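Student: So that we are looking at the same thing, I have put the structure below in structure tokens.
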Amino acid sequence: MKKTPFVSSVIVLALHANFVFANDACLLETNATMMGVKLDIKDCLQNAGLPENQFKAQCEGISQAAVSMGGPAAKITYLTNCPTQFQAKCDSSSTAKTLFFYYKRSSDEAEGLKSSCELMGGVYTKGAF
């Protein structure tokens with residue numbers, strides 16, 4: 001079967017689009033006990049205007065934060081978008097150019113998330129707890 005230049009171009013563009021947009025979010029997951037506290041964390045960062053290298057550095061930095069407290073680094077999965085069913089969201093796109101989504105947090109942690117979000121100049125949205 002002979003491929004036309006148009007079809008080849010469409011395939012290349014589609015592959016390029018998937019590569020470009022596949023790293024607009026990073027899902028961070030870890031299960032660990034740090035400083036006597038059991039953590040089961042699933043958080044996601046959505047890029048809202050950072051250059052790709054800065055966004056990836058931010059994801060890596062947050063992943064490594066657990067190491068400084070004696071736990072394992074969070075597993076990073078790069079996605080097109082953060083999952084839509086969240087417990088809480090912090091829109092700090094005007095300051096940090098990032099949206100933070102939280103998925104496995106207790107209702108007791110909600111106030112801490114809200115306070116942290118507001119300290120960053122973000123807008124806190126409560127989802128389903």
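If you're wondering about the labels, chains in the structure tokens are A, B, ... by order shown, residues count from 1 in each chain, ligands from 1 in order shown.
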Taking the chain letters and numbering used in this document, name the residues of region 30-127 of chain A that DSSP puts in strand (DSSP E or B), as a ChimeraX atom specification.

Tutor: /A:30-34,37-47,75-79,88-92,98-102,123-126

Student: Run DSSP on the backbone and grab whatever in region 3-124 of chain A lands in helix (DSSP H, G or I); send it over as a PyMOL selection string.

Tutor: chain A and resi 5-21+52-65+67-69+107-119

Student: Compare A:Thr125, A:Ser107, A:Thr98, A:Gln58 by their minimum atom-to-atom distance to Cys82 (chain A), counting only C-alpha atoms, and give me the closest one.

Tutor: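 Under the stated criterion, the closest residue is A:Thr98.
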
Student: In terms of the shortest atom-to-atom distance over only C-alpha atoms, which of A:Ala65, A:Lys97, A:Asp91, A:Gly70 is closest to Gly49 (chain A)?

Tutor: A:Lys97

Student: Measure the distance from CA of Asn23 (chain A) to CA of Thr80 (chain A) in Å and round it to one decimal.

Tutor: 5.9 Å

Student: Using only C-alpha atoms, which residue out of A:Leu39, A:Asn53, A:Arg105, A:Met69 lies closest to Gln87 (chain A)?

Tutor: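 Counting only C-alpha atoms, the residue closest to Gln87 (chain A) is A:Arg105.
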
Student: Which of these residues is nearest to Phe100 (chain A), using only C-alpha atoms: A:Tyr124, A:Tyr78, A:Ala66, A:Gly61?

Tutor: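 Of the candidates, the smallest distance to Phe100 (chain A) is held by A:Tyr124.
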
Student: Using only C-alpha atoms, can you tell me which of A:Gln46, A:Ser116, A:Thr33, A:Ser106 comes closest to Thr84 (chain A)?

Tutor: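 When distances to Thr84 (chain A) are compared using only C-alpha atoms, the smallest one comes from A:Gln46.
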